[in-house]
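What follows is model-v8.cif (mmCIF, C-alpha atoms).
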```
data_start
loop_
_atom_site.label_atom_id
_atom_site.label_comp_id
_atom_site.auth_asym_id
_atom_site.auth_seq_id
_atom_site.Cartn_x
_atom_site.Cartn_y
_atom_site.Cartn_z
CA MET D 375 99.10 139.95 55.13
CA SER D 376 96.00 141.95 54.37
CA LEU D 377 92.75 140.75 55.90
CA VAL D 378 89.48 140.91 54.02
CA SER D 379 86.34 141.12 56.06
CA ALA D 380 82.59 140.96 55.44
CA LEU D 381 79.64 141.14 57.76
CA ASP D 382 77.21 138.25 57.45
CA GLY D 383 74.38 138.16 59.98
CA ASN D 384 75.88 137.85 63.42
CA ALA D 385 79.27 136.81 62.07
CA LEU D 386 82.20 138.83 60.86
CA ILE D 387 83.97 136.79 58.20
CA VAL D 388 87.68 137.57 58.11
CA GLY D 389 89.73 136.04 55.31
CA LEU D 390 93.48 135.33 55.47
CA LYS D 391 95.67 134.85 52.44
CA GLY D 392 99.14 133.40 51.87
CA ARG D 393 101.32 132.32 54.78
CA LEU D 394 101.14 133.01 58.50
CA ASP D 395 104.47 132.55 60.25
CA GLN D 396 107.03 134.27 62.46
CA ASP D 397 107.61 136.98 59.85
CA ASN D 398 104.04 138.30 59.70
CA CYS D 399 102.50 137.25 63.02
CA ASP D 400 102.69 140.73 64.50
CA ALA D 401 101.20 142.27 61.36
CA PHE D 402 98.33 139.76 61.48
CA ARG D 403 97.61 140.58 65.11
CA ASP D 404 97.69 144.30 64.39
CA GLU D 405 95.34 143.90 61.44
CA LEU D 406 92.96 141.73 63.42
CA THR D 407 92.64 144.26 66.25
CA PRO D 408 90.02 146.55 64.59
CA HIS D 409 87.96 143.46 63.71
CA LEU D 410 88.08 142.34 67.32
CA ASP D 411 86.96 145.84 68.35
CA THR D 412 84.05 145.65 65.92
CA ALA D 413 83.09 142.19 67.16
CA ALA D 414 83.19 143.37 70.77
CA ARG D 415 81.13 146.46 70.05
CA ASP D 416 78.49 144.79 67.88
CA HIS D 417 78.40 141.40 69.65
CA LEU D 418 79.60 139.51 66.59
CA ALA D 419 81.38 136.20 66.29
CA ILE D 420 84.48 136.13 64.10
CA VAL D 421 84.85 133.40 61.48
CA LEU D 422 88.42 133.19 60.21
CA ASP D 423 88.12 132.02 56.62
CA LEU D 424 91.33 130.09 55.93
CA SER D 425 90.46 128.96 52.42
CA GLN D 426 93.25 131.15 51.00
CA LEU D 427 95.78 130.38 53.73
CA GLU D 428 98.49 128.17 52.29
CA TYR D 429 100.69 127.60 55.33
CA VAL D 430 100.73 128.25 59.05
CA SER D 431 103.74 127.78 61.34
CA SER D 432 103.79 127.20 65.09
CA ALA D 433 104.12 130.95 65.59
CA GLY D 434 101.05 131.49 63.39
CA LEU D 435 99.05 128.92 65.33
CA ARG D 436 99.95 130.74 68.50
CA CYS D 437 98.49 133.94 66.98
CA PHE D 438 95.16 132.14 66.47
CA MET D 439 95.21 131.02 70.09
CA LEU D 440 95.95 134.54 71.32
CA ALA D 441 93.12 135.96 69.20
CA VAL D 442 90.68 133.43 70.68
CA LYS D 443 91.85 134.34 74.18
CA GLN D 444 91.42 138.02 73.41
CA ALA D 445 87.89 137.44 72.16
CA LYS D 446 87.04 135.60 75.36
CA THR D 447 87.79 138.76 77.35
CA PHE D 448 84.64 140.34 75.88
CA ASN D 449 82.70 137.07 75.81
CA GLY D 450 83.29 136.87 72.10
CA ARG D 451 84.03 133.92 69.91
CA ILE D 452 86.47 133.14 67.11
CA VAL D 453 86.21 130.02 64.98
CA VAL D 454 88.20 128.91 61.94
CA ALA D 455 86.78 127.51 58.73
CA ALA D 456 87.56 126.14 55.26
CA LEU D 457 91.09 124.96 55.92
CA GLN D 458 93.13 123.88 52.92
CA PRO D 459 94.23 120.22 53.20
CA MET D 460 97.79 121.08 54.23
CA VAL D 461 96.71 123.57 56.87
CA ALA D 462 94.11 121.09 58.11
CA GLU D 463 96.86 118.49 58.55
CA ILE D 464 99.00 120.97 60.46
CA PHE D 465 96.05 121.69 62.76
CA GLN D 466 95.59 117.98 63.35
CA ILE D 467 99.27 117.18 63.95
CA SER D 468 99.67 120.13 66.33
CA ARG D 469 96.33 119.24 68.04
CA PHE D 470 95.06 122.75 67.33
CA ASP D 471 91.94 121.08 65.96
CA MET D 472 91.21 120.25 69.61
CA LEU D 473 92.06 123.69 70.91
CA LEU D 474 90.08 125.78 68.41
CA ASN D 475 86.62 125.35 66.89
CA VAL D 476 87.21 124.19 63.34
CA PHE D 477 84.48 124.07 60.66
CA GLU D 478 84.72 122.49 57.23
CA THR D 479 83.17 125.47 55.46
CA VAL D 480 82.44 129.11 56.16
CA ALA D 481 78.72 128.33 55.85
CA ALA D 482 78.99 125.64 58.51
CA ALA D 483 80.90 128.06 60.73
CA LYS D 484 78.23 130.73 60.29
CA ALA D 485 75.55 128.20 61.16
CA GLY D 486 77.57 127.07 64.16
CA VAL D 487 78.04 130.52 65.62
CA ALA D 488 74.40 131.40 64.82
CA THR D 489 73.25 128.38 66.85
CA ASP D 490 75.46 129.46 69.73
CA ALA D 491 74.06 133.00 69.61
CA SER D 492 70.55 131.60 69.61
CA ASP D 493 71.36 129.38 72.61
CA GLN D 494 72.75 132.36 74.50
CA LYS D 495 69.50 134.28 74.01
CA LYS D 496 67.37 131.46 75.48
CA MET Z 1070 130.68 106.77 67.30
CA ILE Z 1071 127.48 105.17 68.52
CA VAL Z 1072 124.74 107.15 70.25
CA ARG Z 1073 123.01 104.77 72.62
CA PHE Z 1074 119.76 105.65 74.36
CA TRP Z 1075 119.41 104.13 77.83
CA GLY Z 1076 116.50 106.28 79.02
CA THR Z 1077 114.13 108.34 76.87
CA ARG Z 1078 111.09 109.05 79.02
CA GLY Z 1079 110.43 112.36 80.76
CA SER Z 1080 109.54 113.20 84.33
CA ILE Z 1081 109.12 109.76 85.89
CA PRO Z 1082 109.96 106.18 84.94
CA VAL Z 1083 107.09 104.09 83.61
CA ALA Z 1084 106.65 100.40 82.76
CA LEU Z 1085 104.30 98.42 80.58
CA THR Z 1086 101.39 96.96 82.52
CA SER Z 1087 99.94 93.45 82.21
CA ASP Z 1088 97.11 94.92 80.17
CA ASP Z 1089 99.60 96.58 77.81
CA ILE Z 1090 101.37 93.26 77.20
CA ARG Z 1091 98.09 91.43 76.65
CA ASP Z 1092 96.99 94.08 74.13
CA LYS Z 1093 100.21 93.65 72.18
CA ILE Z 1094 99.72 89.87 72.10
CA VAL Z 1095 96.13 90.30 70.93
CA GLN Z 1096 97.21 92.63 68.14
CA ALA Z 1097 99.98 90.25 67.06
CA LEU Z 1098 97.54 87.32 66.98
CA LEU Z 1099 95.07 89.31 64.95
CA LYS Z 1100 97.80 90.27 62.52
CA ALA Z 1101 98.85 86.63 62.22
CA SER Z 1102 95.22 85.88 61.38
CA GLY Z 1103 95.30 82.11 61.77
CA ARG Z 1104 98.72 81.58 60.25
CA SER Z 1105 100.86 78.83 61.70
CA PHE Z 1106 104.62 78.90 62.11
CA ALA Z 1107 106.78 75.81 61.75
CA SER Z 1108 109.59 77.14 63.93
CA SER Z 1109 110.47 79.92 66.34
CA GLU Z 1110 112.63 81.37 63.53
CA GLU Z 1111 109.57 81.64 61.29
CA ALA Z 1112 107.59 83.26 64.09
CA SER Z 1113 110.49 85.65 64.77
CA ALA Z 1114 110.66 86.60 61.11
CA PHE Z 1115 106.92 87.32 61.12
CA ALA Z 1116 107.28 89.50 64.22
CA ARG Z 1117 110.29 91.32 62.80
CA ASP Z 1118 108.94 91.92 59.30
CA GLU Z 1119 105.20 92.23 59.66
CA LEU Z 1120 104.40 93.73 63.04
CA GLY Z 1121 104.53 97.45 63.74
CA PHE Z 1122 107.03 98.85 66.22
CA ALA Z 1123 104.42 99.52 68.90
CA VAL Z 1124 103.23 95.90 68.77
CA LYS Z 1125 106.55 94.09 68.70
CA ASN Z 1126 108.60 96.59 70.76
CA THR Z 1127 108.26 99.25 73.41
CA TYR Z 1128 109.69 102.74 73.67
CA GLY Z 1129 110.62 101.89 77.24
CA GLY Z 1130 110.21 103.82 80.42
CA HIS Z 1131 113.59 104.88 81.81
CA THR Z 1132 114.22 108.58 82.36
CA PRO Z 1133 116.97 110.39 80.42
CA CYS Z 1134 120.35 108.81 79.93
CA VAL Z 1135 122.10 108.96 76.54
CA GLU Z 1136 125.56 107.54 75.92
CA LEU Z 1137 127.99 108.76 73.28
CA ASP Z 1138 130.13 105.67 72.72
CA LEU Z 1139 133.55 106.60 71.37
CA GLY Z 1140 135.04 103.21 72.21
CA GLY Z 1141 137.84 102.60 74.71
CA ASP Z 1142 137.82 102.92 78.47
CA GLU Z 1143 136.49 106.49 78.63
CA TYR Z 1144 132.72 106.95 78.59
CA TYR Z 1145 130.50 109.95 77.84
CA VAL Z 1146 126.88 110.21 78.91
CA CYS Z 1147 124.18 112.85 79.09
CA ASP Z 1148 122.14 112.79 82.29
CA MET Z 1149 121.78 110.16 84.95
CA GLY Z 1150 118.06 109.36 84.83
CA SER Z 1151 116.91 105.86 85.68
CA GLY Z 1152 118.48 104.65 82.42
CA ALA Z 1153 121.82 105.01 84.22
CA ARG Z 1154 121.23 101.65 85.91
CA PRO Z 1155 121.29 99.53 82.71
CA PHE Z 1156 124.02 101.80 81.32
CA GLY Z 1157 126.13 100.99 84.39
CA ALA Z 1158 125.56 97.25 83.95
CA HIS Z 1159 126.58 97.53 80.27
CA LEU Z 1160 129.72 99.46 81.19
CA LEU Z 1161 130.82 96.96 83.84
CA ALA Z 1162 130.23 94.02 81.50
CA ARG Z 1163 132.27 95.67 78.76
CA GLN Z 1164 135.13 96.71 81.02
CA GLN Z 1165 135.56 93.22 82.54
CA GLY Z 1166 137.36 94.66 85.56
CA ARG Z 1167 139.36 97.31 83.74
CA PRO Z 1168 139.03 100.76 85.35
CA ALA Z 1169 136.87 103.25 83.46
CA THR Z 1170 136.52 107.01 83.30
CA VAL Z 1171 132.92 108.22 83.02
CA ASN Z 1172 132.18 111.78 81.87
CA ILE Z 1173 128.64 112.79 82.80
CA PHE Z 1174 127.00 115.90 81.32
CA VAL Z 1175 124.02 117.05 83.37
CA SER Z 1176 121.27 119.08 81.67
CA HIS Z 1177 119.86 120.08 85.06
CA VAL Z 1178 119.35 118.53 88.45
CA HIS Z 1179 115.64 117.80 88.42
CA TRP Z 1180 115.14 114.36 89.86
CA ASP Z 1181 114.32 112.52 86.63
CA HIS Z 1182 117.77 113.51 85.34
CA ILE Z 1183 119.86 112.38 88.32
CA MET Z 1184 117.75 109.64 89.98
CA GLY Z 1185 119.73 106.80 88.39
CA PHE Z 1186 123.06 107.81 89.87
CA PRO Z 1187 122.62 105.97 93.21
CA PHE Z 1188 122.02 102.81 91.12
CA PHE Z 1189 124.93 103.38 88.74
CA GLY Z 1190 127.07 100.30 89.38
CA PRO Z 1191 130.46 101.71 88.33
CA ALA Z 1192 130.16 104.34 91.09
CA TYR Z 1193 130.62 101.49 93.59
CA VAL Z 1194 133.73 100.08 91.91
CA PRO Z 1195 137.13 101.24 93.21
CA GLY Z 1196 139.25 102.61 90.41
CA THR Z 1197 136.36 104.11 88.48
CA ARG Z 1198 136.83 107.80 87.81
CA ILE Z 1199 133.60 109.78 87.55
CA ARG Z 1200 133.64 113.36 86.27
CA ILE Z 1201 130.31 115.16 86.54
CA HIS Z 1202 130.07 118.20 84.25
CA GLY Z 1203 127.38 120.84 84.38
CA CYS Z 1204 126.59 124.55 84.50
CA HIS Z 1205 124.52 124.68 87.69
CA ASP Z 1206 126.25 125.84 90.85
CA VAL Z 1207 124.03 123.42 92.79
CA LEU Z 1208 125.28 120.41 90.82
CA GLU Z 1209 127.29 118.77 93.61
CA HIS Z 1210 124.74 119.70 96.26
CA ALA Z 1211 121.94 117.99 94.30
CA PHE Z 1212 123.89 114.76 93.78
CA ARG Z 1213 124.75 114.61 97.49
CA LEU Z 1214 121.28 115.60 98.61
CA GLN Z 1215 119.45 112.74 96.89
CA GLN Z 1216 121.65 110.25 98.74
CA ALA Z 1217 121.48 111.97 102.13
CA PRO Z 1218 119.52 110.29 104.94
CA PRO Z 1219 116.70 109.42 105.13
CA CYS Z 1220 116.27 109.27 101.34
CA PHE Z 1221 118.85 106.61 100.46
CA PRO Z 1222 120.85 104.06 102.45
CA VAL Z 1223 124.25 104.79 100.83
CA GLU Z 1224 125.61 108.29 101.17
CA PHE Z 1225 127.46 109.90 98.27
CA ASP Z 1226 130.83 109.77 100.08
CA GLN Z 1227 130.47 106.03 100.65
CA MET Z 1228 130.64 105.32 96.92
CA ALA Z 1229 133.99 103.84 95.96
CA ALA Z 1230 134.65 105.67 92.70
CA SER Z 1231 136.65 108.90 92.64
CA MET Z 1232 134.26 111.80 92.04
CA GLU Z 1233 134.95 115.16 90.50
CA PHE Z 1234 132.51 117.99 89.75
CA ILE Z 1235 133.43 120.23 86.82
CA GLN Z 1236 131.72 123.56 86.23
CA LEU Z 1237 131.09 124.38 82.58
CA THR Z 1238 130.30 127.83 81.22
CA PRO Z 1239 127.40 128.36 78.80
CA GLY Z 1240 128.63 129.28 75.34
CA LYS Z 1241 132.21 128.26 76.08
CA THR Z 1242 133.60 125.27 74.21
CA GLN Z 1243 135.70 122.89 76.23
CA VAL Z 1244 137.60 119.74 75.32
CA VAL Z 1245 136.72 116.74 77.47
CA GLY Z 1246 138.64 113.59 76.58
CA GLY Z 1247 137.90 112.72 72.99
CA LEU Z 1248 135.25 115.34 72.29
CA SER Z 1249 134.55 119.04 72.53
CA VAL Z 1250 131.40 120.29 74.22
CA THR Z 1251 129.57 123.61 74.23
CA PRO Z 1252 126.73 124.15 76.71
CA GLY Z 1253 123.77 126.41 75.89
CA LEU Z 1254 121.25 127.92 78.29
CA GLN Z 1255 117.66 126.72 77.90
CA LEU Z 1256 114.30 127.86 79.28
CA HIS Z 1257 113.22 125.55 82.10
CA SER Z 1258 112.37 125.95 85.76
CA GLY Z 1259 115.73 126.50 87.51
CA ASP Z 1260 117.40 126.63 84.05
CA SER Z 1261 118.60 123.72 81.98
CA TYR Z 1262 121.49 123.42 79.56
CA GLY Z 1263 121.73 121.78 76.18
CA TYR Z 1264 125.04 120.40 74.98
CA ARG Z 1265 126.54 120.49 71.53
CA PHE Z 1266 129.20 117.81 71.12
CA ASN Z 1267 131.73 117.62 68.32
CA VAL Z 1268 133.48 114.31 67.76
CA ASN Z 1269 135.60 113.42 64.73
CA GLY Z 1270 133.79 115.89 62.49
CA LYS Z 1271 130.32 114.87 63.66
CA SER Z 1272 128.11 117.08 65.81
CA ILE Z 1273 125.36 116.02 68.17
CA VAL Z 1274 123.06 118.31 70.14
CA TYR Z 1275 121.41 117.07 73.32
CA SER Z 1276 118.59 119.51 74.05
CA THR Z 1277 116.06 118.34 76.59
CA ASP Z 1278 113.83 120.06 79.12
CA SER Z 1279 113.71 123.18 77.02
CA GLU Z 1280 110.68 125.33 76.34
CA HIS Z 1281 110.61 127.53 73.27
CA LYS Z 1282 108.56 130.72 73.39
CA LEU Z 1283 107.25 131.21 69.87
CA GLU Z 1284 106.93 134.98 70.21
CA ASN Z 1285 110.68 135.33 70.66
CA SER Z 1286 112.27 135.15 67.22
CA ASP Z 1287 115.72 136.02 68.58
CA GLU Z 1288 115.61 132.96 70.79
CA ALA Z 1289 114.56 130.81 67.84
CA LYS Z 1290 117.56 132.13 65.91
CA ARG Z 1291 119.85 131.43 68.88
CA PHE Z 1292 118.67 127.81 68.99
CA ALA Z 1293 118.93 127.46 65.22
CA ASP Z 1294 122.57 128.55 65.57
CA PHE Z 1295 123.08 126.05 68.40
CA PHE Z 1296 121.62 123.28 66.21
CA ARG Z 1297 123.32 124.55 63.01
CA GLU Z 1298 123.93 121.68 60.57
CA ALA Z 1299 124.10 119.18 63.41
CA ASP Z 1300 124.23 115.53 62.41
CA MET Z 1301 121.76 114.75 65.17
CA VAL Z 1302 119.52 116.82 67.46
CA ILE Z 1303 118.04 115.01 70.46
CA PHE Z 1304 115.02 117.15 71.24
CA ASP Z 1305 112.45 117.48 74.03
CA ALA Z 1306 109.17 116.70 72.23
CA MET Z 1307 107.11 115.95 75.30
CA TYR Z 1308 103.84 117.68 74.41
CA ALA Z 1309 101.62 118.44 71.44
CA LEU Z 1310 102.13 122.04 70.33
CA ALA Z 1311 98.58 123.03 71.33
CA ASP Z 1312 99.23 121.85 74.89
CA ALA Z 1313 102.77 123.23 75.10
CA ILE Z 1314 101.61 126.78 74.43
CA SER Z 1315 98.29 126.71 76.29
CA VAL Z 1316 97.51 124.52 79.31
CA LYS Z 1317 101.14 123.43 79.68
CA ALA Z 1318 102.78 126.77 78.94
CA ASP Z 1319 105.69 127.46 81.33
CA TRP Z 1320 106.02 123.77 82.18
CA GLY Z 1321 109.43 123.87 80.54
CA HIS Z 1322 108.96 121.50 77.60
CA SER Z 1323 108.50 121.57 73.87
CA SER Z 1324 106.79 119.79 70.99
CA ASN Z 1325 107.54 117.75 67.87
CA ILE Z 1326 106.38 120.67 65.68
CA VAL Z 1327 108.89 123.12 67.16
CA GLY Z 1328 111.58 120.45 66.91
CA VAL Z 1329 111.01 120.15 63.17
CA GLU Z 1330 110.86 123.92 62.64
CA LEU Z 1331 114.09 124.62 64.56
CA CYS Z 1332 115.93 121.77 62.84
CA GLN Z 1333 114.73 123.00 59.44
CA MET Z 1334 115.94 126.51 60.28
CA ALA Z 1335 119.26 125.04 61.37
CA LEU Z 1336 119.61 122.66 58.41
CA ALA Z 1337 120.18 119.87 60.90
CA LYS Z 1338 120.21 116.37 59.45
CA HIS Z 1339 118.44 114.17 61.97
CA LEU Z 1340 115.85 115.02 64.61
CA VAL Z 1341 115.40 112.50 67.41
CA LEU Z 1342 112.25 112.95 69.50
CA PHE Z 1343 113.06 112.57 73.18
CA HIS Z 1344 111.76 113.03 76.75
CA HIS Z 1345 108.51 111.24 76.00
CA GLU Z 1346 105.41 112.09 78.01
CA PRO Z 1347 105.01 109.26 80.58
CA ALA Z 1348 101.26 109.03 79.90
CA ASN Z 1349 101.84 108.21 76.22
CA SER Z 1350 101.47 104.56 75.17
CA ASP Z 1351 103.70 102.89 72.59
CA ALA Z 1352 100.91 103.25 70.03
CA THR Z 1353 100.62 106.98 70.77
CA LEU Z 1354 104.37 107.51 70.47
CA GLU Z 1355 104.43 105.62 67.17
CA ARG Z 1356 101.59 107.78 65.87
CA LEU Z 1357 103.43 110.95 66.99
CA LEU Z 1358 106.51 109.81 65.08
CA ASN Z 1359 104.50 109.24 61.91
CA GLU Z 1360 102.79 112.61 62.30
CA THR Z 1361 106.12 114.34 62.84
CA ARG Z 1362 107.52 112.78 59.68
CA ARG Z 1363 104.44 113.93 57.81
CA PHE Z 1364 104.81 117.47 59.20
CA GLU Z 1365 108.43 117.51 58.08
CA GLU Z 1366 107.33 116.41 54.61
CA LEU Z 1367 104.58 119.05 54.44
CA THR Z 1368 106.83 121.90 55.49
CA ARG Z 1369 110.07 120.88 53.78
CA GLU Z 1370 111.66 123.62 51.70
CA GLY Z 1371 115.30 122.54 51.85
CA PRO Z 1372 116.97 119.17 52.31
CA MET Z 1373 115.03 116.38 53.97
CA LEU Z 1374 115.24 116.20 57.75
CA LYS Z 1375 115.35 112.63 59.01
CA VAL Z 1376 113.04 112.11 61.99
CA SER Z 1377 113.27 109.31 64.54
CA SER Z 1378 111.74 108.69 67.92
CA SER Z 1379 114.12 107.52 70.61
CA PHE Z 1380 113.47 104.36 72.58
CA ASP Z 1381 115.33 102.68 75.40
CA GLY Z 1382 118.01 100.53 73.79
CA MET Z 1383 118.12 102.41 70.47
CA GLU Z 1384 121.56 102.77 68.89
CA ILE Z 1385 122.46 105.16 66.10
CA GLU Z 1386 125.87 105.05 64.47
CA LEU Z 1387 127.35 108.33 63.28
#
```
Can the structure from this file be put into C-alpha cells for me?
Amino acid sequence: MSLVSALDGNALIVGLKGRLDQDNCDAFRDELTPHLDTAARDHLAIVLDLSQLEYVSSAGLRCFMLAVKQAKTFNGRIVVAALQPMVAEIFQISRFDMLLNVFETVAAAKAGVATDASDQKK
Amino acid sequence: MIVRFWGTRGSIPVALTSDDIRDKIVQALLKASGRSFASSEEASAFARDELGFAVKNTYGGHTPCVELDLGGDEYYVCDMGSGARPFGAHLLARQQGRPATVNIFVSHVHWDHIMGFPFFGPAYVPGTRIRIHGCHDVLEHAFRLQQAPPCFPVEFDQMAASMEFIQLTPGKTQVVGGLSVTPGLQLHSGDSYGYRFNVNGKSIVYSTDSEHKLENSDEAKRFADFFREADMVIFDAMYALADAISVKADWGHSSNIVGVELCQMALAKHLVLFHHEPANSDATLERLLNETRRFEELTREGPMLKVSSSFDGMEIEL
C-alpha cells in the first residue's frame, strides 16, 4: 500500500488505496509513521481519505485504532472520511463508527478538524 | 448427531424481565394490527410465520452448556454452566431409570462454566457415571471448591454418581466413547481450551472464552487449522470488534467479525455465535446475527459460510 498525502490548511490528507488487511497492516503503519511525525511537528490533524479503500479486515481496523492512539500521544487527531459503501458497512458492523470519528466526505472532515482547531485556540 | 444448546449466555445467567415480556407483547399486538384470530391454532400460525425471532422467542439466559447427542445411554457435553440443570432434567427423563454415562468437556473452570454442576440431577442418581475431561490441573479442585462449605449445602463427595477426572493434553487427539476429541489452547485469563470433536465423519469445534489478538498472524493460522473445514464452529462472539480490541482488550473474549474471518480462512461450513453478552437484549442479539450474516456476505470470497446465533433450546442436526 502506498499512501498519498497532501497538505490542506491545518489538515494532512492521507489517501489509502486497495485493501488493508493482515498482509499489509505493518506496511501501512510504517508508511503512516512519517505522516504522524509531520502532524506532530506542525500541529496538523490527519484526515484518512478512504475513498479508494475497497476493503478493510479486522486487522486493518486495528491499525486505524493504533494510529489514533499514537496521535493522541502528541495531542493530535486522526479522522477518517469518504468511506466506500462496503467499508462503511464494515465500520458500522464492527462498531468502529463509534470508536473513530467518521466523516462522509474529505471536505466535511477538513471542516470538522478546522472547527476543533479553532475551539482549541479559544 | 444432534447438537443441543442448553446454555448460550456468557459470564452470568440472565432472565427476561416483566418489562421485556410486556414489550414483546406490545410488538406482537402492533404487528397483528387489529387482526382477529378464530382459534389458538390461527394465532399460533401468525406468531410462527409473521413475528420475528426476538418477538416470539428469546435467546435465553443460561450460561454455557452444549450437548452432542449421539443417541444411546452415553452423553457428551461441553461445559457445566447453568444450562446443565435443564440438561440434567432432559437426561433423566430420557433415561427413565436406566444408568447413564456422562462425558463432560470443560473449557475452563471460571464459574459461569461449572456453576450448573451442583444442580445437575444425574449427579445425585446412583449408577450414573460422570467423567469430567479437561486440560487444567485445577479441574478437580475447582469442582470440589464450589461445593465446599459455606458455599453450597451438598459437598462434592456426597453426590451419588461415580466421578472421574480425566486430564487431556492440548493438541493430542483422544477417543472418548463414540467420538474423538482434540483440545486446543486458547487465550483467556487462566487459559481456556477449545475442543474439536470428530463423530461419524462430522467435525464440530467448541471454542468459547477465547480472545484473538489480531496482530498475531501465526495465532490466526493456528486457529484456522483448528477450525479447518469444520461442519460447525461454536464461537465466542461476546463483544463488538471495536470493544474487543479497545476498552475490553484482554478480557478474554472475541467478536462476530473475527468469528467470520477465522471461519472463512478455515473454510468452515457453519459459524454459530455463542457466549452472548448478558447485557444484550433479544432484539440486540437478533440484530447482531443479521449484521454478521451481512458481513459474511460482504467479505465472501469462497464458499458461503452459514451463520447462526445460538439460543437456549436450539437443536442442530449434523
Å distance separating atom CA of Ala1107 of chain Z from atom CA of Leu1085 of chain Z, one decimal place: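 Straight-line distance from atom CA of Ala1107 of chain Z to atom CA of Leu1085 of chain Z works out to 29.5 Å.
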Pick from Z:Cys1220, Z:Gly1203, Z:Asn1172, Z:Ser1286 nearest to Met1232 of chain Z, counting all atoms listed in the file: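 Checking each candidate against Met1232 of chain Z, we get Z:Asn1172 as the closest.
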Among listed residues Z:Asp1118, Z:Asp1312, Z:Asp1319, Z:Glu1355, nearest chain D (using all atoms listed in the file):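 So, comparing all the options, the nearest one is Z:Asp1312.
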Residues of chain D within 10 Å of chain Z, all atoms listed in the file counted, as a list of chain:residue names: D:Gln396, D:Asp397, D:Cys399, D:Asp400, D:Tyr429, D:Val430, D:Ser431, D:Ser432, D:Ala433, D:Gly434, D:Leu435, D:Arg436, D:Cys437, D:Met439, D:Leu440, D:Met460, D:Val461, D:Glu463, D:Ile464, D:Phe465, D:Gln466, D:Ile467, D:Ser468, D:Arg469, D:Phe470, D:Asp471, D:Met472, D:Leu473, D:Leu474
Preceding selection exported with C-alpha atoms as a compact mmCIF listing (two decimals), in the frame of the given file:
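And here's selection.txt as it stands now:
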```
# COMPACT_ATOMS: atom_id res chain seq x y z
CA GLN D 396 107.03 134.27 62.46
CA ASP D 397 107.61 136.98 59.85
CA CYS D 399 102.50 137.25 63.02
CA ASP D 400 102.69 140.73 64.50
CA TYR D 429 100.69 127.60 55.33
CA VAL D 430 100.73 128.25 59.05
CA SER D 431 103.74 127.78 61.34
CA SER D 432 103.79 127.20 65.09
CA ALA D 433 104.12 130.95 65.59
CA GLY D 434 101.05 131.49 63.39
CA LEU D 435 99.05 128.92 65.33
CA ARG D 436 99.95 130.74 68.50
CA CYS D 437 98.49 133.94 66.98
CA MET D 439 95.21 131.02 70.09
CA LEU D 440 95.95 134.54 71.32
CA MET D 460 97.79 121.08 54.23
CA VAL D 461 96.71 123.57 56.87
CA GLU D 463 96.86 118.49 58.55
CA ILE D 464 99.00 120.97 60.46
CA PHE D 465 96.05 121.69 62.76
CA GLN D 466 95.59 117.98 63.35
CA ILE D 467 99.27 117.18 63.95
CA SER D 468 99.67 120.13 66.33
CA ARG D 469 96.33 119.24 68.04
CA PHE D 470 95.06 122.75 67.33
CA ASP D 471 91.94 121.08 65.96
CA MET D 472 91.21 120.25 69.61
CA LEU D 473 92.06 123.69 70.91
CA LEU D 474 90.08 125.78 68.41
```
Evaluate the PyMOL selection byres ((chain D and resi 402-405) around 9) here and jot the selected residues down as a CSV table (one decimal) with C-alpha atoms, in the frame of the given file.
```csv
chain,number,residue,atom,x,y,z
D,375,MET,CA,99.1,140.0,55.1
D,376,SER,CA,96.0,142.0,54.4
D,377,LEU,CA,92.8,140.8,55.9
D,390,LEU,CA,93.5,135.3,55.5
D,394,LEU,CA,101.1,133.0,58.5
D,398,ASN,CA,104.0,138.3,59.7
D,399,CYS,CA,102.5,137.2,63.0
D,400,ASP,CA,102.7,140.7,64.5
D,401,ALA,CA,101.2,142.3,61.4
D,406,LEU,CA,93.0,141.7,63.4
D,407,THR,CA,92.6,144.3,66.2
D,408,PRO,CA,90.0,146.6,64.6
D,409,HIS,CA,88.0,143.5,63.7
D,434,GLY,CA,101.0,131.5,63.4
D,437,CYS,CA,98.5,133.9,67.0
D,438,PHE,CA,95.2,132.1,66.5
D,440,LEU,CA,96.0,134.5,71.3
D,441,ALA,CA,93.1,136.0,69.2
```
Non-local contacts of Gly1247 of chain Z (10 Å; only C-alpha atoms; under 6 positions in same chain excluded) as a PyMOL selection string: chain Z and resi 1139-1140+1143-1145+1267-1269
Counting all atoms listed in the file, the residue of D:Val454, D:Phe448, D:Arg393, D:Val378 that sits nearest Ile420 of chain D: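 Nearest candidate to Ile420 of chain D out of D:Val454, D:Phe448, D:Arg393, D:Val378: D:Val454.
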Atom CA of Ala419 of chain D to atom CA of Pro459 of chain D, straight-line distance in Å: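 Atom CA of Ala419 of chain D lies at a distance of 24.3 Å from atom CA of Pro459 of chain D.
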Extract, using all atoms listed in the file, all DNA, RNA and protein residues at most 8 Å from segment 1270-1276 of chain Z, discarding same-chain residues fewer than 4 positions from it, and format them as an mmCIF file with C-alpha atoms, keeping the file's coordinate frame.
```
data_model
loop_
_atom_site.group_PDB
_atom_site.id
_atom_site.type_symbol
_atom_site.label_atom_id
_atom_site.label_comp_id
_atom_site.auth_asym_id
_atom_site.auth_seq_id
_atom_site.Cartn_x
_atom_site.Cartn_y
_atom_site.Cartn_z
ATOM 1 C CA CYS Z 1147 124.180 112.850 79.090
ATOM 2 C CA TYR Z 1262 121.490 123.420 79.560
ATOM 3 C CA GLY Z 1263 121.730 121.780 76.180
ATOM 4 C CA TYR Z 1264 125.040 120.400 74.980
ATOM 5 C CA ARG Z 1265 126.540 120.490 71.530
ATOM 6 C CA PHE Z 1266 129.200 117.810 71.120
ATOM 7 C CA PHE Z 1295 123.080 126.050 68.400
ATOM 8 C CA PHE Z 1296 121.620 123.280 66.210
ATOM 9 C CA ALA Z 1299 124.100 119.180 63.410
ATOM 10 C CA ASP Z 1300 124.230 115.530 62.410
ATOM 11 C CA MET Z 1301 121.760 114.750 65.170
ATOM 12 C CA VAL Z 1302 119.520 116.820 67.460
ATOM 13 C CA ILE Z 1303 118.040 115.010 70.460
ATOM 14 C CA PHE Z 1304 115.020 117.150 71.240
ATOM 15 C CA ASP Z 1305 112.450 117.480 74.030
ATOM 16 C CA LEU Z 1387 127.350 108.330 63.280
#
```
Cut-off 10 Å around (115.4, 111.9, 83.1) with all atoms listed in the file: residues as a VMD selection string: chain Z and resid 1076 to 1082 1130 to 1135 1147 to 1153 1176 to 1185 1277 to 1278 1344 to 1345
Explicit residues for the PyMOL selection byres ((chain D and resi 388) around 6) (as a tab-separated table (two decimals) with C-alpha atoms, in the frame of the given file):
```tsv
chain	number	residue	atom	x	y	z
D	378	VAL	CA	89.48	140.91	54.02
D	379	SER	CA	86.34	141.12	56.06
D	387	ILE	CA	83.97	136.79	58.20
D	389	GLY	CA	89.73	136.04	55.31
D	422	LEU	CA	88.42	133.19	60.21
D	423	ASP	CA	88.12	132.02	56.62
```
